[in-house]
Every structure is written in structure tokens, then in C-alpha cells.
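What follows is a set of notes on a single structure, which appears directly below.
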Amino acid sequence: MQVLGVAIFVAFGVISVVILRRFFARKTFEHIRGPSSASWLFGNMLEFNRQDQAGDLDFKWCREFGSTWRLNGILGESVLMTADPKALQHIFHKSGYSYRKTADNTELNRTLFGPGIIWASGHVHQRHRKVMNPAFSAPQLRTFIPLFQRNIRKMTEMWKNELSARPEGHIINCVHAWFTKATLDIIGEAAFDYSFGALSKTGSRLLDVYTNMFLETSLHPPKLDLLIKASWEYLPLSVLRLVDYLPLKDIVKVNQVRKAFRTEAQKLLKDKTERLVAGKEGKKDVMSVLVRANASEDARARLSDAEMIAQMGTITIAGHDTTATTLTWLLYELSKNPDYQIKMREEIRMIRSSVTARCDANFSAEDLDSMKYCMAALKETLRYHAIVLGLPRVAEKDDIIPLQYPVVSKSGELIREIPIRAGQQILTSFCAYNRLPRVWGDNADVWDPTRFLDHDVKRETSVGMFSNLMTFSAGIRGCIGWRFSVMESQVIIAEILENFEFSLPSDPPEIVRLPSGVVAPGVRGKIEKGIQMPLQISIVQ
Ligand code: HEM
């Protein structure tokens, strides 16, 4: 009886807090325009989470209401959504940890990765970042270039072998499946000196458990899932820790993945620590650098074993499918833009002649940096195909968010800044920012790398980690691996375009952007088959 009383009291308390918070939240956003509520229970969240193609609604709402608008959240919550550069700069760059991740985001990160960098917050996150930074510095990453080249060459040799047996002179491959394997092998070796054996087909348990995780866990979430996760904002941490035991599809899958990574990471950490203690010459992989950086820290600043182990899953998952998917979109665009593909190939060949003239076998970092057409295509793909659509954040304290581009209120006044209360949720839209005509020009809705060719246009407000794009997020929580991804992509682009031509198959399927954790391509009508990007590949003449 007593237990029931406490339960009723707690439930009453939670509901009162929710209603009061939502009442005050409405007040601050009431005057901002936005789509009307599609359902009293889900607001706009059901349509937002189940859009036909990822980003469709972000682009539509941004066109209709300007770069900042209001959404109806679950149970009448009022949510601010923005693609405004100054607002993004304020939230990600200027406010430290004042805009935290949402509870469901944090808990899913904890369930998947454990206590690693992507889960940590505040001073704990600062500690993670300090130990990890040296492993992601430009000089350290440049040492990986030969490793990137060696691994991607394995893939191109396999393609060449396959092609040599085809009298028709071409093959049709899902390039995403290949890039996923190549980038997984690369991250395994570069980050841990570990072999996933993805290309060689020897495979590993990790690979089996992990395959298709993003799609399985985030495509078209069930209604109950959305409701349960919305309630997490109001639950105390002690209750949230029980999330791991929920029989939700995504939780079950990420639990499996985390456990598999933990087993492997424990072995790796032990091996690397023993090497360090024995004074053996340090290896260059990210985890060995981490182990050394950690050992040289003041005891209080060090990462614990559990934290170090969590980094393995984090770096693997954050660090390979992301790059693989971006490269997949790049090849898709190049298949549709053969003239630009030819320009890139000519550029690569020209630089190859100077490499041969100096009797080198491989491109150096400087060679790769001098490939302007290739770099412009990579930047444009990161802009046009932001594989993380945007991120949700919650204000930790009352604040005022400034806007670069004022929006018109319901009563016709210009809104230049938006007061926000502690606890209110903001959805940031990276994909809509990346396509704002005011920032990128009138042809922002077209894939056109020439916009990046001669110069990086000086933007009015600078945001992001790379080239004013929001694709890698920004600020103290921005992607720590952006340079890794860019260098790896430069190597892969040079290797594959020097050797192969890419085009659409003769009867090309309609490719759609799947609204999953990482925006990946699928084929219209065959979405249940998962990620697909069939392209025609032939040897360069
Ligand atoms: C195209 C490639 C990539 C994209 C678009 C991308 C995007 C992002 C984004 C949007 C975030 C912020 C996530 C959040 O705040 O919840 C992030 C964080 C992170 N990324 Fe990447 N990423 C890419 C490649 C990589 C690579 C190659 C690595 C590692 C080798 C990596 C490691 C990480 C880590 C460890 C974090 C967490 C950083 C922190 O919380 O301080 N990423 N990435």
C-alpha cells in the first residue's frame, strides 16, 4: 500500500512538472511560426521521425518559415528548431556545456558505448577530450596515410580481379557495402592495430554483431518508442540506468554491440598497457597514443579502464560508417556528373606524373592537398549530404539565442533573438543550414562542387569544424575525428578515381535518403533490403 502511495506521488509529481514546464515553454515560443500540430499526443514528432526522405521536412519548413521555426513536441511540448548560423554558433561554439544532449540521446550513447567520450558531459567530457586530442592531431594523422593507401588498395585489387573476369567490362556493385568494409578495416588498424578482416572475408564477431546497426535501431521508430523516450527527460538518473533492461528493439541491439566491443577492447587495452609498462617501443595506433597520453596525465585527470574501453566502440562506430556513407554519396553524385568526375581524374593523373617524376610510388599528404577538384567534391558532398541531419539540445539555463536571419512572427514582427528557458528543447538542423541559400548561394539545392573551387567564401558567421559546414557538428563537442575522415577520404578518392570510372546502371533505381541515425541511401520500393547504392564500375580507359 505504501509502495503504491509513493508511486502515485512520484507519477503526480512528474506529470505536474511536465505540464508546468510545457506551459512556460509555450509562452516563450508562442509567437514563432511553425507547422500546425499533426496530433495532440505526438505533435509533429511522428511525421518528423518518419519522413519519406531524411531532411525533406527540415528543407520544407525552412523554406516556409525561415531558418528558425517552432515545432510541436510530444505531449504539447514546444520545441525550437533552427538552422540559423548565429544560433548554431551560439549553441555549439559559444555556450560551453550550457546546451546539453537530451536524456534519450545520452542514455542511448551510454547503452551503446559505455562511459566513453560521446556519452560524457561537462568536466568529465573535458577530461576525455584532453586525453584523446593528441591522437587526432594533424601530424599524428598524417602518419596513417600509407595505412589508408594499403587498405584501400586491397579493395581496388579485388574490384580489378572481378572486372578482369567480366567480358562486358563492368560490374555493378553496392559501393556502400564495399566502403563499409574498407573503412572498418582502416579504423581497426589505425585506431587499435586490430584486424576486423572485413575485406579479406575472415570477418570477426564484432563485424557480425555490428552490421546494419544504425538502420536497425533508428529507421521508423514505433510510436511507443517515441513516447517512452520523451519521458526520459523527466526521470532521475537512478531510474534511467534501468534503461538497459528495456525490451526495446534498439536497446537490445545496442546492448549486444556494446558487450561485443567490451570483450575485444579489454584484450587490446591489456596488451597496450603491458607494452607501455615493459617499455616497448610505442605503436602509432590511436589507442596506443591514448594509453600513453593517459599514463602521462595527472592521476585525477586520467581515464579509467572502463572509460578507455568505451572509446573503442565509440571510435569504431563513429569513425567508419560515417566516412563510408559520405563516400557513397560522393560516388553517386559523380556518377550523375561525369564531366566533373573526368576533371577529378585528370587532376589526379597530373599529380601522379609529378609523383612518378620524383620516383615515389604513393601520393603524399601535400599531393593530396593539392587536388583541388577532389577536395571541392568532398566538401560539396559533406555539405549536400549531411549524414547527421542535426542534433537535439536542451538549455541548461535561461538564455537568449541570437539570430543572424530574423524570422517573421505570427503577428508580422521581426524576431531577432529568442528567449529560452532552462529545460527547453532545441532541434538544430545541420542539413537545412548546409543548404541555406543565404549562406551557400541561390543554387544551394544543387550538388555543385565549383562553389568551393577557387576560395572558401568568407561567411558572415563561421560555424563548424571544417569549411563552415555543420556536418561534423561544432564547438567543444564537435567531431574529434573530422581530420581523420577528411584525410582518409582524400586517399580513397585518389585511389579509386585513378583506377575506375563510375556511372549509374542502365536502368537506375530511384535512390532515397533513409531517415536513420546516419543518413544512408536506399532503393525506393526496396527499403526493407537496407542500405543500397548499386553503381556501375569499369576500369579507366
Ligand atoms: C564523414 C565522417 C564523419 C561525420 C559526418 C561525423 C559527424 C560527427 C558528429 C555530427 C558528431 C557530434 C555527435 C554528438 O554531439 O552527438 C561527431 C562526434 C564524434 N565523432 Fe565524428 N563524424 C565523422 C567521422 C568520424 C571519424 C573518422 C571518427 C574517428 C576516427 C569520429 C569520431 C567521433 C567522436 C569520438 C565523436 C565524439 C566527440 C565528442 O563528444 O567530443 N568521427 N561526429
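Letters for chains follow the order of the C-alpha cells (A, B, ...), residue numbers begin at 1 for each chain, and ligand numbers begin at 1 in the order shown.
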Expected selection as a list in words for ligand 1 within 6 Å, only C-alpha atoms and all ligand atoms: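 Here is the list of contacting residues: Ile117, Ile118, Thr314, Ile315, Ala318, Gly319, His320, Thr322, Thr323, Thr326, Ile387, Val388, Thr471, Phe472, Ser473, Arg477, Gly478, Cys479, Ile480, Gly481, Trp482, Phe484 and Ser485 of chain A.
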Test item, alpha helix (DSSP H) assignment across segment 81-263 of chain A, answer as number ranges by chain: A: 85-88, 103-113, 122-132, 138-142, 145-164, 175-187, 205-210, 213-218, 223-231, 237-240, 249-263
Could you turn the residues from that selection into a file that holds C-alpha atoms, as an mmCIF file, in the first residue's frame?
```
data_model
loop_
_atom_site.group_PDB
_atom_site.id
_atom_site.type_symbol
_atom_site.label_atom_id
_atom_site.label_comp_id
_atom_site.auth_asym_id
_atom_site.auth_seq_id
_atom_site.Cartn_x
_atom_site.Cartn_y
_atom_site.Cartn_z
ATOM 1 C CA PRO A 85 24.196 30.219 -38.375
ATOM 2 C CA LYS A 86 24.366 32.616 -35.442
ATOM 3 C CA ALA A 87 22.012 30.472 -33.362
ATOM 4 C CA LEU A 88 24.123 27.377 -34.151
ATOM 5 C CA ALA A 103 18.270 12.396 -21.924
ATOM 6 C CA ASP A 104 17.368 9.791 -24.570
ATOM 7 C CA ASN A 105 20.426 10.733 -26.630
ATOM 8 C CA THR A 106 22.679 10.469 -23.584
ATOM 9 C CA GLU A 107 21.209 7.183 -22.396
ATOM 10 C CA LEU A 108 21.372 5.550 -25.810
ATOM 11 C CA ASN A 109 25.005 6.661 -26.074
ATOM 12 C CA ARG A 110 25.697 5.153 -22.654
ATOM 13 C CA THR A 111 23.950 1.901 -23.540
ATOM 14 C CA LEU A 112 25.799 1.625 -26.833
ATOM 15 C CA PHE A 113 29.262 2.900 -25.956
ATOM 16 C CA GLY A 122 30.820 18.751 -18.570
ATOM 17 C CA HIS A 123 34.203 18.392 -16.873
ATOM 18 C CA VAL A 124 34.199 14.605 -17.456
ATOM 19 C CA HIS A 125 33.888 15.235 -21.199
ATOM 20 C CA GLN A 126 36.690 17.807 -20.977
ATOM 21 C CA ARG A 127 38.915 15.153 -19.390
ATOM 22 C CA HIS A 128 38.112 12.675 -22.200
ATOM 23 C CA ARG A 129 38.786 15.234 -24.874
ATOM 24 C CA LYS A 130 42.146 16.251 -23.342
ATOM 25 C CA VAL A 131 43.437 12.681 -23.331
ATOM 26 C CA MET A 132 42.089 11.954 -26.819
ATOM 27 C CA ALA A 138 47.184 16.592 -37.901
ATOM 28 C CA PRO A 139 50.824 15.362 -37.606
ATOM 29 C CA GLN A 140 49.724 12.131 -35.913
ATOM 30 C CA LEU A 141 47.030 11.513 -38.535
ATOM 31 C CA ARG A 142 49.407 12.101 -41.440
ATOM 32 C CA ILE A 145 48.328 7.902 -44.951
ATOM 33 C CA PRO A 146 50.337 4.804 -46.034
ATOM 34 C CA LEU A 147 47.989 2.660 -43.930
ATOM 35 C CA PHE A 148 44.936 4.194 -45.649
ATOM 36 C CA GLN A 149 46.569 3.589 -49.042
ATOM 37 C CA ARG A 150 47.463 -0.021 -48.286
ATOM 38 C CA ASN A 151 43.951 -0.878 -47.103
ATOM 39 C CA ILE A 152 42.034 0.783 -49.913
ATOM 40 C CA ARG A 153 44.345 -0.845 -52.448
ATOM 41 C CA LYS A 154 43.140 -4.223 -51.181
ATOM 42 C CA MET A 155 39.640 -3.181 -52.220
ATOM 43 C CA THR A 156 40.659 -1.864 -55.638
ATOM 44 C CA GLU A 157 42.662 -5.045 -56.344
ATOM 45 C CA MET A 158 39.537 -7.079 -55.598
ATOM 46 C CA TRP A 159 37.490 -4.915 -57.977
ATOM 47 C CA LYS A 160 40.160 -5.293 -60.682
ATOM 48 C CA ASN A 161 40.127 -9.086 -60.293
ATOM 49 C CA GLU A 162 36.359 -9.152 -60.510
ATOM 50 C CA LEU A 163 36.408 -6.921 -63.591
ATOM 51 C CA SER A 164 39.049 -8.981 -65.381
ATOM 52 C CA VAL A 175 29.592 0.700 -53.236
ATOM 53 C CA HIS A 176 28.358 1.316 -49.708
ATOM 54 C CA ALA A 177 28.912 -2.327 -48.737
ATOM 55 C CA TRP A 178 32.489 -2.112 -50.034
ATOM 56 C CA PHE A 179 33.292 1.221 -48.402
ATOM 57 C CA THR A 180 31.924 -0.018 -45.085
ATOM 58 C CA LYS A 181 34.315 -2.957 -45.171
ATOM 59 C CA ALA A 182 37.313 -0.887 -46.273
ATOM 60 C CA THR A 183 36.752 1.863 -43.709
ATOM 61 C CA LEU A 184 36.157 -0.713 -40.969
ATOM 62 C CA ASP A 185 39.480 -2.376 -41.722
ATOM 63 C CA ILE A 186 41.112 1.059 -41.785
ATOM 64 C CA ILE A 187 39.684 2.174 -38.451
ATOM 65 C CA ARG A 205 32.446 -11.428 -34.183
ATOM 66 C CA LEU A 206 32.387 -7.665 -33.848
ATOM 67 C CA LEU A 207 31.610 -7.294 -37.517
ATOM 68 C CA ASP A 208 28.718 -9.765 -37.336
ATOM 69 C CA VAL A 209 27.097 -8.108 -34.338
ATOM 70 C CA TYR A 210 27.556 -4.601 -35.585
ATOM 71 C CA MET A 213 23.133 -1.346 -36.539
ATOM 72 C CA PHE A 214 22.159 2.234 -37.411
ATOM 73 C CA LEU A 215 19.418 1.139 -39.741
ATOM 74 C CA GLU A 216 18.027 -1.491 -37.404
ATOM 75 C CA THR A 217 17.932 0.841 -34.424
ATOM 76 C CA SER A 218 16.687 4.099 -35.865
ATOM 77 C CA LYS A 223 5.078 5.167 -31.582
ATOM 78 C CA LEU A 224 5.554 3.643 -28.128
ATOM 79 C CA ASP A 225 9.290 4.075 -28.511
ATOM 80 C CA LEU A 226 8.907 7.816 -29.078
ATOM 81 C CA LEU A 227 6.645 8.190 -26.044
ATOM 82 C CA ILE A 228 8.915 6.199 -23.737
ATOM 83 C CA LYS A 229 11.994 8.148 -24.775
ATOM 84 C CA ALA A 230 10.254 11.519 -24.390
ATOM 85 C CA SER A 231 9.532 10.622 -20.749
ATOM 86 C CA LEU A 237 19.408 9.242 -13.312
ATOM 87 C CA SER A 238 18.969 6.254 -10.993
ATOM 88 C CA VAL A 239 15.840 5.234 -12.909
ATOM 89 C CA LEU A 240 17.427 5.965 -16.288
ATOM 90 C CA LYS A 249 14.435 -3.169 -30.308
ATOM 91 C CA ASP A 250 17.230 -0.584 -30.374
ATOM 92 C CA ILE A 251 18.235 -1.146 -26.743
ATOM 93 C CA VAL A 252 18.544 -4.903 -27.242
ATOM 94 C CA LYS A 253 20.698 -4.388 -30.346
ATOM 95 C CA VAL A 254 22.997 -1.757 -28.829
ATOM 96 C CA ASN A 255 23.448 -3.863 -25.680
ATOM 97 C CA GLN A 256 24.748 -6.696 -27.867
ATOM 98 C CA VAL A 257 27.085 -4.379 -29.739
ATOM 99 C CA ARG A 258 28.480 -2.817 -26.549
ATOM 100 C CA LYS A 259 29.185 -6.194 -24.962
ATOM 101 C CA ALA A 260 30.972 -7.443 -28.082
ATOM 102 C CA PHE A 261 33.159 -4.335 -28.216
ATOM 103 C CA ARG A 262 33.896 -4.511 -24.491
ATOM 104 C CA THR A 263 35.285 -8.023 -24.748
#
```
Nearest candidate to Ser516 of chain A (options A:Leu75, A:Gly96, A:Leu389, A:Phe59; using only C-alpha atoms):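 Using only C-alpha atoms, the shortest distance to Ser516 of chain A belongs to A:Leu389.
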Give me, as a compact mmCIF listing (two decimals) with C-alpha atoms, in the first residue's frame, all polymer residues having an atom no more than 6 Å from segment 525-538 of chain A, counting only C-alpha atoms and skipping those fewer than 4 positions away in the same chain.
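Heads up, here's the output in result_33.txt:
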```txt
# COMPACT_ATOMS: atom_id res chain seq x y z
CA HIS A 170 31.88 -3.55 -65.98
CA ILE A 171 30.47 -4.71 -62.67
CA ILE A 172 27.55 -3.39 -60.68
CA ASN A 173 28.39 -3.21 -57.01
CA CYS A 174 26.77 -1.72 -53.94
CA VAL A 175 29.59 0.70 -53.24
CA PHE A 500 37.87 3.25 -62.11
CA GLU A 501 35.02 5.04 -63.79
CA PHE A 502 31.67 5.22 -62.05
CA SER A 503 28.27 5.58 -63.66
CA LEU A 504 24.61 4.87 -62.95
CA PRO A 505 23.42 1.39 -64.02
CA PRO A 521 20.97 5.58 -49.38
```
Shortest interatomic distance to Phe363 of chain A - which of A:Arg438, A:Ala494, A:Phe466, A:Ala422, counting only C-alpha atoms: A:Ala494
Nearest residue to Phe144 of chain A from the set A:Asn49, A:Gln89, A:Ser364, A:Ser37 (distances using only C-alpha atoms): A:Ser364
